[in-house]
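*Asks:* Please read through the structure below; I'll follow up with questions.
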Amino acid sequence: MNAVLLHSREIAPQVKHFVFEVPELERLDFMPGQFASLSADLGGRRITRAYSIASPPSGNCFELCLNRVADGIFSPYLFRLQPGDSVEMQPPLGFFTLRNPDHDMLMVATGTGVAPYRAMLMDYLGRGGKSQTTLLFGARYEPGLLYRVELEAFERRHATFHFWPTLSRPDSAWTGRIGHVQAHLDSALDGRTNLDVYVCGLKAMVDDIRARLKSRGLDRKQIIYEKYD
Ligand SMILES: Cc1cc2nc3c(=O)[nH]c(=O)nc-3n(C[C@H](O)[C@H](O)[C@H](O)COP(=O)(O)OP(=O)(O)OC[C@H]3O[C@@H](n4cnc5c(N)ncnc54)[C@H](O)[C@@H]3O)c2cc1C
């Protein structure tokens with residue numbers, strides 16, 4: 001099936017938010033947190049890449065949050081798409097979805113790894129989910145805190161949701177958390193081992209967080225992760 005780009009906008013340097021529609025469907029069914037695979041013939045080769053859907057199910061539309069990998073193949077192609085252009089897609093797949101919505105949850109992300117959490121949180125908080133949920137979100141600079149306005153609004157509206165941004169290269173005006181997500185893992189856990197921890201982003205961060213969680217006594221079933229590379 002084909003997805004048609006409705007619009008896109010830059011939300012940070014080299015990061016765009018895309019809204020697509022699948023005209024041949026009335027509803028695109030998926031679980032918040034799943035990804036869509038997009039394909040195109042580029043330079044004589046068939047290229048397919050996975051992208052976490054950044055929005056909860058809504059008719060036949062879906063949203064993506066994409067980083068432009070400077071020397072990449074597919075992401076620069078998607079950045080060049082104009083409204084009305086279409087791209088081939090496969091139906092959403094994946095197991096990076098909320099497992100136990102009644103457990104406390106810690107969600108750890110860097111960069112565009114926040115995309116599936118946006119979908120999960122819009123859905124879960126929108127349905128009145130009440131488990132203690134912390135999003136520990138790392139970026140280098142303040143503009144890289146993608147969807148910050150929305151996430152701060154979630155925090156104001158939902159007493160059980162806690163947004164913990166952290167910057168590894170803050171400027172002098174930043175008064176929030178500093179350092180990588182790893183630096184704040186223990187305070188986010190707060191001694192708890194009876195929670196589910198979700199981790200999403202590039203392999204190095206995901207593997208490091210998983211190792212730390214295991215050494216803090218979490219069982220592998222409590223650690224749900226998605227690696228982007
Ligand atoms: C399940 C899954 C979900 C994904 N969801 C997203 C998403 O929501 N948003 C998104 O931007 N990417 C996402 N990715 C990564 C995406 O599939 C591509 O790998 C990425 O767009 C690079 O493709 P490319 O062809 O431009 O680069 P390639 O030519 O394939 O080059 C790959 C290089 O890009 C690096 N890379 C991969 N992803 C990223 C990234 N996000 N940021 C920085 N460097 C990266 C890799 O380490 C590698 O060095 C996801 C990957 C998987 C497996």
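Ligands are numbered from 1 in the order shown, chains are lettered A, B, ... in the order of the structure tokens, and residues start at 1 in each chain.
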Please, which residues have at least one atom within 10 Å of an atom of ligand 1, using only C-alpha atoms and all ligand atoms, listed as a ChimeraX atom specification?

*Replies:* /A:14-17,33-38,47-54,63-79,93-96,110-116,200-204,225-229

*Asks:* Segment 3-225 of chain A: which residues are helix (DSSP H, G or I) by DSSP, as a VMD selection string?

*Replies:* chain A and resid 74 to 80 111 to 126 142 to 144 148 to 157 181 to 189 203 to 215 220 to 222

*Asks:* Mind checking which residues fall within 9 Å of Arg216 of chain A, counting only C-alpha atoms, ignoring those fewer than 3 positions away in the same chain, and posting them as a list of chain:residue names?

*Replies:*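 Once the adjacent positions are removed, what remains is A:Asp186, A:Gly191, A:Thr193, A:Ala211, A:Arg212, A:Leu213.
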
*Asks:* So that I can check the surroundings of Glu26 of chain A, please list as a PDB file with C-alpha atoms, in the first residue's frame every protein, DNA and RNA residue that reaches within 8 Å of it, counting only C-alpha atoms and ignoring chain neighbours fewer than 2 positions away.

*Replies:*
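And here's out-v9.pdb as it stands now:
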ATOM      1  CA  PRO A  23      -5.899   6.681   0.969  1.00  0.00           C
ATOM      2  CA  GLU A  24      -6.807   3.056   0.242  1.00  0.00           C
ATOM      3  CA  LEU A  28      -4.858   2.108   9.727  1.00  0.00           C
ATOM      4  CA  GLY A  59      -8.432   7.139  10.888  1.00  0.00           C
ATOM      5  CA  ASN A  60      -6.131   6.421   7.973  1.00  0.00           C
TER       6      ASN A  60
END

*Asks:* Figure out the distance between atom CA of Ala3 of chain A and atom CA of Met89 of chain A, please, to one decimal in Å.

*Replies:*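 Atom CA of Met89 of chain A sits 6.4 Å away from atom CA of Ala3 of chain A.
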
*Asks:* Between A:Ala183, A:Ala109, A:Leu6, A:Ala40, single out the one closest to Cys61 of chain A, counting only C-alpha atoms.

*Replies:*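 Residue with the minimum atom-to-atom distance to Cys61 of chain A: A:Leu6.
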
*Asks:* From the DSSP assignment of the backbone, select every residue of chain A that is strand (DSSP E or B), and format the answer as a ChimeraX atom specification.

*Replies:* /A:2-12,15-21,35-42,45-53,58,61-67,86-93,104-110,133-139,161-167,177-178,195-201,223-227

*Asks:* Residues as selected, C-alpha atoms, written as a PDB file, in the first residue's frame, can you do that?

*Replies:*
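Written out: selection11.pdb:
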ATOM      1  CA  ASN A   2       1.007   3.612  -0.427  1.00  0.00           C
ATOM      2  CA  ALA A   3       1.252   6.417   2.102  1.00  0.00           C
ATOM      3  CA  VAL A   4       0.749   9.954   0.793  1.00  0.00           C
ATOM      4  CA  LEU A   5       2.504  12.819   2.536  1.00  0.00           C
ATOM      5  CA  LEU A   6      -0.015  15.402   3.738  1.00  0.00           C
ATOM      6  CA  HIS A   7       2.508  17.750   5.325  1.00  0.00           C
ATOM      7  CA  SER A   8       5.797  17.907   7.173  1.00  0.00           C
ATOM      8  CA  ARG A   9       7.497  20.498   9.363  1.00  0.00           C
ATOM      9  CA  GLU A  10      10.908  20.942  10.876  1.00  0.00           C
ATOM     10  CA  ILE A  11      10.705  20.531  14.653  1.00  0.00           C
ATOM     11  CA  ALA A  12      14.452  20.775  15.374  1.00  0.00           C
ATOM     12  CA  VAL A  15      14.468  16.614  12.488  1.00  0.00           C
ATOM     13  CA  LYS A  16      11.057  16.646  10.810  1.00  0.00           C
ATOM     14  CA  HIS A  17       7.562  15.650  11.856  1.00  0.00           C
ATOM     15  CA  PHE A  18       5.615  14.036   8.986  1.00  0.00           C
ATOM     16  CA  VAL A  19       1.879  13.432   8.591  1.00  0.00           C
ATOM     17  CA  PHE A  20       0.911  10.697   6.103  1.00  0.00           C
ATOM     18  CA  GLU A  21      -2.411   9.324   4.906  1.00  0.00           C
ATOM     19  CA  PHE A  35       6.611   0.911  13.460  1.00  0.00           C
ATOM     20  CA  ALA A  36       5.847   1.216   9.749  1.00  0.00           C
ATOM     21  CA  SER A  37       8.283   0.021   7.078  1.00  0.00           C
ATOM     22  CA  LEU A  38       8.662   2.332   4.107  1.00  0.00           C
ATOM     23  CA  SER A  39      10.282   1.324   0.819  1.00  0.00           C
ATOM     24  CA  ALA A  40      11.531   2.989  -2.349  1.00  0.00           C
ATOM     25  CA  ASP A  41      13.821   2.237  -5.278  1.00  0.00           C
ATOM     26  CA  LEU A  42      16.833   4.478  -4.794  1.00  0.00           C
ATOM     27  CA  ARG A  45      18.270  -0.613  -5.269  1.00  0.00           C
ATOM     28  CA  ARG A  46      15.206  -1.452  -3.240  1.00  0.00           C
ATOM     29  CA  ILE A  47      15.599   0.241   0.130  1.00  0.00           C
ATOM     30  CA  THR A  48      13.350  -0.390   3.150  1.00  0.00           C
ATOM     31  CA  ARG A  49      13.556   1.353   6.510  1.00  0.00           C
ATOM     32  CA  ALA A  50      11.476   1.099   9.692  1.00  0.00           C
ATOM     33  CA  TYR A  51      10.006   4.148  11.431  1.00  0.00           C
ATOM     34  CA  SER A  52       8.187   4.228  14.754  1.00  0.00           C
ATOM     35  CA  ILE A  53       4.737   5.710  14.410  1.00  0.00           C
ATOM     36  CA  SER A  58      -6.448   8.002  14.008  1.00  0.00           C
ATOM     37  CA  CYS A  61      -3.424   8.912   9.007  1.00  0.00           C
ATOM     38  CA  PHE A  62      -0.168   8.387  10.851  1.00  0.00           C
ATOM     39  CA  GLU A  63       2.724  10.576  11.925  1.00  0.00           C
ATOM     40  CA  LEU A  64       6.479  10.015  11.935  1.00  0.00           C
ATOM     41  CA  CYS A  65       9.405  11.802  13.548  1.00  0.00           C
ATOM     42  CA  LEU A  66      12.567  11.543  11.537  1.00  0.00           C
ATOM     43  CA  ASN A  67      16.173  12.408  11.937  1.00  0.00           C
ATOM     44  CA  SER A  86       3.673   8.904  -2.000  1.00  0.00           C
ATOM     45  CA  VAL A  87       5.885   6.186  -0.586  1.00  0.00           C
ATOM     46  CA  GLU A  88       5.275   2.459  -0.395  1.00  0.00           C
ATOM     47  CA  MET A  89       4.628   1.086   3.072  1.00  0.00           C
ATOM     48  CA  GLN A  90       4.048  -2.228   4.781  1.00  0.00           C
ATOM     49  CA  PRO A  91       1.439  -2.576   7.556  1.00  0.00           C
ATOM     50  CA  PRO A  92       2.668  -1.613  11.054  1.00  0.00           C
ATOM     51  CA  LEU A  93       4.511  -4.258  13.061  1.00  0.00           C
ATOM     52  CA  ASP A 104       4.745   1.773  37.039  1.00  0.00           C
ATOM     53  CA  MET A 105       6.635   2.684  33.882  1.00  0.00           C
ATOM     54  CA  LEU A 106       9.934   4.307  33.071  1.00  0.00           C
ATOM     55  CA  MET A 107      10.445   5.293  29.438  1.00  0.00           C
ATOM     56  CA  VAL A 108      13.981   6.122  28.352  1.00  0.00           C
ATOM     57  CA  ALA A 109      14.692   7.804  24.999  1.00  0.00           C
ATOM     58  CA  THR A 110      17.300   9.762  23.133  1.00  0.00           C
ATOM     59  CA  THR A 133       5.050   7.034  34.352  1.00  0.00           C
ATOM     60  CA  THR A 134       8.351   8.845  33.894  1.00  0.00           C
ATOM     61  CA  LEU A 135       9.807   9.806  30.510  1.00  0.00           C
ATOM     62  CA  LEU A 136      13.575  10.272  30.787  1.00  0.00           C
ATOM     63  CA  PHE A 137      14.505  11.996  27.534  1.00  0.00           C
ATOM     64  CA  GLY A 138      18.050  12.893  26.501  1.00  0.00           C
ATOM     65  CA  ALA A 139      19.180  15.349  23.847  1.00  0.00           C
ATOM     66  CA  PHE A 161       3.193  11.586  34.403  1.00  0.00           C
ATOM     67  CA  HIS A 162       6.679  12.979  34.954  1.00  0.00           C
ATOM     68  CA  PHE A 163       8.752  14.475  32.140  1.00  0.00           C
ATOM     69  CA  TRP A 164      12.505  14.372  32.810  1.00  0.00           C
ATOM     70  CA  PRO A 165      14.468  16.041  30.031  1.00  0.00           C
ATOM     71  CA  THR A 166      18.259  16.016  30.245  1.00  0.00           C
ATOM     72  CA  LEU A 167      20.847  17.763  28.050  1.00  0.00           C
ATOM     73  CA  ARG A 177      19.058  18.024  34.328  1.00  0.00           C
ATOM     74  CA  ILE A 178      22.478  17.716  32.770  1.00  0.00           C
ATOM     75  CA  LEU A 195       8.255  -1.479  37.243  1.00  0.00           C
ATOM     76  CA  ASP A 196       8.524  -1.892  33.466  1.00  0.00           C
ATOM     77  CA  VAL A 197      11.299  -0.002  31.739  1.00  0.00           C
ATOM     78  CA  TYR A 198      11.051   0.869  28.051  1.00  0.00           C
ATOM     79  CA  VAL A 199      14.186   1.932  26.174  1.00  0.00           C
ATOM     80  CA  CYS A 200      14.318   3.373  22.649  1.00  0.00           C
ATOM     81  CA  GLY A 201      17.102   4.894  20.563  1.00  0.00           C
ATOM     82  CA  ILE A 223      12.940  -4.379  30.020  1.00  0.00           C
ATOM     83  CA  ILE A 224      11.253  -3.677  26.689  1.00  0.00           C
ATOM     84  CA  TYR A 225      13.418  -2.060  24.048  1.00  0.00           C
ATOM     85  CA  GLU A 226      13.666  -0.892  20.453  1.00  0.00           C
ATOM     86  CA  LYS A 227      17.005  -0.287  18.730  1.00  0.00           C
TER      87      LYS A 227
END

*Asks:* Would you please work out which residue, of A:Ala188, A:Pro56, A:Gly129, A:Asn194, is nearest to Arg27 of chain A when using only C-alpha atoms?

*Replies:*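 The answer is A:Pro56, which sits nearest to Arg27 of chain A.
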
*Asks:* Determine, counting only C-alpha atoms, which protein, DNA and RNA residues have an atom within 8 Å of an atom of Tyr141 of chain A; residues of the same chain fewer than 4 positions away are not included. Present the result as a ChimeraX atom specification.

*Replies:* /A:145,167-171

*Asks:* Atom CA of Asp219 of chain A to atom CA of Arg192 of chain A: how many Å, to one decimal?

*Replies:*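 For atom CA of Asp219 of chain A relative to atom CA of Arg192 of chain A, the distance reads 12.3 Å.
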
*Asks:* One number please: atom CA of Met120 of chain A to atom CA of Met31 of chain A, in Å, one decimal.

*Replies:*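 About the pair atom CA of Met120 of chain A and atom CA of Met31 of chain A: they are 8.4 Å apart.
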